[in-house]
Structures are given as structure tokens and as C-alpha cells.
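Working notes, structure below.
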Amino acid sequence: ILKDTDIVKNGDILKTDTKSYTLIVRGDPSGDGRLNITDLMKVKRAIIGSIKLNTIETLAADLNGDSKISIMDVMNFIKEITK
């Protein structure tokens, strides 16, 4: 049971009586429940090829929803972090 103060993180599992769902939190490829510089750095490293994101991380890193990770996502991360 979730409380109002709980943080939902990328990759968390939501279970119902009959099914389980993996939650995708857009902007949280690091899985800490927040969109922050850690997420930005992870996306930048993925773009240059120094790390490979798994499927869940990739879905979370795709901020603009175009089904690919690109410099546009990095720009969106920067925009969100600096708000």
C-alpha cells in the first residue's frame, strides 16, 4: 500500500490481485525516484556509448517520447533540472 509520502521509482513493481506491472517513471533512469543530475549524466554516458541502458532505463530516459535516446533528451533533462 502506497502512502502519500512514498516515492515511486523507475522500475518499481505494482502488483494487483492478478497481475504485476513494472513502473516507468519518465526522467528517472537512475531509479532513485527523482529527475536530477544523476539521470542527466546517465543519459549523456549512454549517448556517447560508455554505458548501455537496460529497457526500463531507456524508456525512462526518453523524455520527449520519440522512442530513442538523443541530445534532445539531454536538452530536456537540462531544462527540467534547471526549473
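Ligands are numbered from 1 in the order shown, residues from 1 within each chain, and chains are lettered A, B, ... in the order they appear in the C-alpha cells.
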
From the DSSP assignment of the backbone, select every residue of chain A that is alpha helix (DSSP H), and format the answer as a PyMOL selection string. chain A and resi 37-48+55-61+71-81

Keeping N, CA, C and O atoms, export the residues of the selection given above as a compact mmCIF listing (two decimals), in the first residue's frame.
```
# COMPACT_ATOMS: atom_id res chain seq x y z
N ILE A 37 20.60 15.45 -11.63
CA ILE A 37 21.85 15.43 -12.39
C ILE A 37 22.36 14.01 -12.62
O ILE A 37 22.99 13.72 -13.63
N THR A 38 22.08 13.11 -11.70
CA THR A 38 22.48 11.71 -11.86
C THR A 38 21.83 11.11 -13.11
O THR A 38 22.49 10.40 -13.88
N ASP A 39 20.56 11.42 -13.32
CA ASP A 39 19.86 10.94 -14.50
C ASP A 39 20.44 11.56 -15.77
O ASP A 39 20.66 10.87 -16.77
N LEU A 40 20.71 12.85 -15.73
CA LEU A 40 21.30 13.54 -16.87
C LEU A 40 22.64 12.91 -17.25
O LEU A 40 22.88 12.63 -18.43
N MET A 41 23.49 12.66 -16.28
CA MET A 41 24.80 12.08 -16.55
C MET A 41 24.67 10.67 -17.12
O MET A 41 25.42 10.27 -18.01
N LYS A 42 23.71 9.92 -16.62
CA LYS A 42 23.49 8.56 -17.12
C LYS A 42 23.07 8.59 -18.59
O LYS A 42 23.56 7.81 -19.41
N VAL A 43 22.21 9.52 -18.94
CA VAL A 43 21.76 9.65 -20.33
C VAL A 43 22.92 10.09 -21.22
O VAL A 43 23.11 9.56 -22.32
N LYS A 44 23.69 11.05 -20.76
CA LYS A 44 24.84 11.51 -21.55
C LYS A 44 25.83 10.37 -21.79
O LYS A 44 26.32 10.20 -22.91
N ARG A 45 26.11 9.56 -20.76
CA ARG A 45 27.03 8.43 -20.93
C ARG A 45 26.46 7.39 -21.89
O ARG A 45 27.20 6.77 -22.65
N ALA A 46 25.15 7.21 -21.87
CA ALA A 46 24.52 6.27 -22.80
C ALA A 46 24.63 6.75 -24.24
O ALA A 46 24.89 5.96 -25.16
N ILE A 47 24.47 8.04 -24.45
CA ILE A 47 24.55 8.60 -25.81
C ILE A 47 25.96 8.43 -26.38
O ILE A 47 26.11 8.09 -27.55
N ILE A 48 26.98 8.67 -25.56
CA ILE A 48 28.35 8.54 -26.09
C ILE A 48 28.83 7.09 -26.10
O ILE A 48 29.90 6.80 -26.62
N THR A 55 16.25 -1.91 -20.80
CA THR A 55 14.98 -1.47 -21.41
C THR A 55 14.23 -0.48 -20.53
O THR A 55 13.74 0.55 -21.01
N ILE A 56 14.16 -0.74 -19.25
CA ILE A 56 13.44 0.14 -18.33
C ILE A 56 14.12 1.50 -18.24
O ILE A 56 13.47 2.55 -18.30
N GLU A 57 15.45 1.51 -18.12
CA GLU A 57 16.20 2.77 -18.07
C GLU A 57 16.01 3.56 -19.37
O GLU A 57 15.86 4.78 -19.33
N THR A 58 16.03 2.86 -20.49
CA THR A 58 15.86 3.52 -21.79
C THR A 58 14.50 4.18 -21.89
O THR A 58 14.39 5.33 -22.34
N LEU A 59 13.47 3.48 -21.50
CA LEU A 59 12.12 4.07 -21.54
C LEU A 59 12.04 5.30 -20.64
O LEU A 59 11.43 6.30 -21.00
N ALA A 60 12.67 5.25 -19.49
CA ALA A 60 12.65 6.39 -18.57
C ALA A 60 13.48 7.56 -19.09
O ALA A 60 13.15 8.72 -18.85
N ALA A 61 14.54 7.26 -19.82
CA ALA A 61 15.44 8.31 -20.33
C ALA A 61 14.88 9.04 -21.53
O ALA A 61 15.32 10.14 -21.86
N ILE A 71 20.38 13.74 -28.08
CA ILE A 71 20.73 15.03 -27.49
C ILE A 71 19.48 15.83 -27.11
O ILE A 71 19.50 16.63 -26.18
N MET A 72 18.38 15.59 -27.80
CA MET A 72 17.13 16.27 -27.46
C MET A 72 16.68 15.87 -26.05
O MET A 72 16.16 16.71 -25.30
N ASP A 73 16.87 14.61 -25.69
CA ASP A 73 16.53 14.19 -24.33
C ASP A 73 17.44 14.85 -23.31
O ASP A 73 16.99 15.29 -22.26
N VAL A 74 18.72 14.96 -23.65
CA VAL A 74 19.66 15.65 -22.76
C VAL A 74 19.22 17.09 -22.55
O VAL A 74 19.19 17.60 -21.42
N MET A 75 18.84 17.76 -23.62
CA MET A 75 18.38 19.15 -23.51
C MET A 75 17.12 19.23 -22.64
O MET A 75 16.99 20.15 -21.83
N ASN A 76 16.23 18.26 -22.78
CA ASN A 76 15.02 18.25 -21.94
C ASN A 76 15.37 18.00 -20.48
O ASN A 76 14.74 18.58 -19.59
N PHE A 77 16.34 17.13 -20.22
CA PHE A 77 16.79 16.91 -18.85
C PHE A 77 17.32 18.21 -18.24
O PHE A 77 16.97 18.58 -17.12
N ILE A 78 18.17 18.89 -19.00
CA ILE A 78 18.75 20.16 -18.51
C ILE A 78 17.63 21.16 -18.22
O ILE A 78 17.64 21.82 -17.17
N LYS A 79 16.69 21.25 -19.12
CA LYS A 79 15.55 22.18 -18.94
C LYS A 79 14.77 21.85 -17.66
O LYS A 79 14.44 22.74 -16.88
N GLU A 80 14.51 20.56 -17.44
CA GLU A 80 13.75 20.16 -16.24
C GLU A 80 14.54 20.37 -14.96
O GLU A 80 14.00 20.81 -13.95
N ILE A 81 15.83 20.06 -14.99
CA ILE A 81 16.66 20.20 -13.79
C ILE A 81 16.83 21.65 -13.39
O ILE A 81 16.85 21.97 -12.21
```

Spatial neighbours of Val8 (chain A), 8 Å, only C-alpha atoms, chain gap at least 2 places, as a PyMOL selection string: chain A and resi 6+10+12+25+33

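Minimum atom-to-atom distances from A:Lys83, A:Lys68, A:Lys9, A:Lys3 to Gly27 (chain A) were compared using only C-alpha atoms, and the lowest value belongs to A:Lys9.
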
Can you tell me how far CA of Ser30 (chain A) sits from CA of Thr5 (chain A), in Å to one decimal?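 Atom-to-atom, CA of Ser30 (chain A) and CA of Thr5 (chain A) are spaced 19.9 Å apart.
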
Where in chain A does DSSP assign strand (DSSP E or B), given as a PDB file with C-alpha atoms, in the first residue's frame?
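Final output, saved to states.pdb:
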```
ATOM      1  CA  ILE A  13       6.711  -3.193  -9.338  1.00  0.00           C
ATOM      2  CA  LEU A  14       2.988  -2.564  -8.908  1.00  0.00           C
ATOM      3  CA  LYS A  15       1.088  -5.720  -8.024  1.00  0.00           C
ATOM      4  CA  SER A  20       2.322  -7.283 -11.850  1.00  0.00           C
ATOM      5  CA  TYR A  21       3.366  -4.107 -13.648  1.00  0.00           C
ATOM      6  CA  THR A  22       6.807  -2.553 -13.915  1.00  0.00           C
TER       7      THR A  22
END
```

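In this structure, CA of Arg34 (chain A) sits 17.0 Å away from CA of Leu2 (chain A).
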
Between CA of Gly49 (chain A) and CA of Ile69 (chain A), what is the spacing in Å?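 Pair CA of Ile69 (chain A) / CA of Gly49 (chain A) returns 11.3 Å.
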
Find, counting only C-alpha atoms, the residue in A:Ser50, A:Asp62, A:Gly11, A:Leu35 that gets nearest to Leu23 (chain A).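 Using only C-alpha atoms, the shortest distance to Leu23 (chain A) belongs to A:Gly11.
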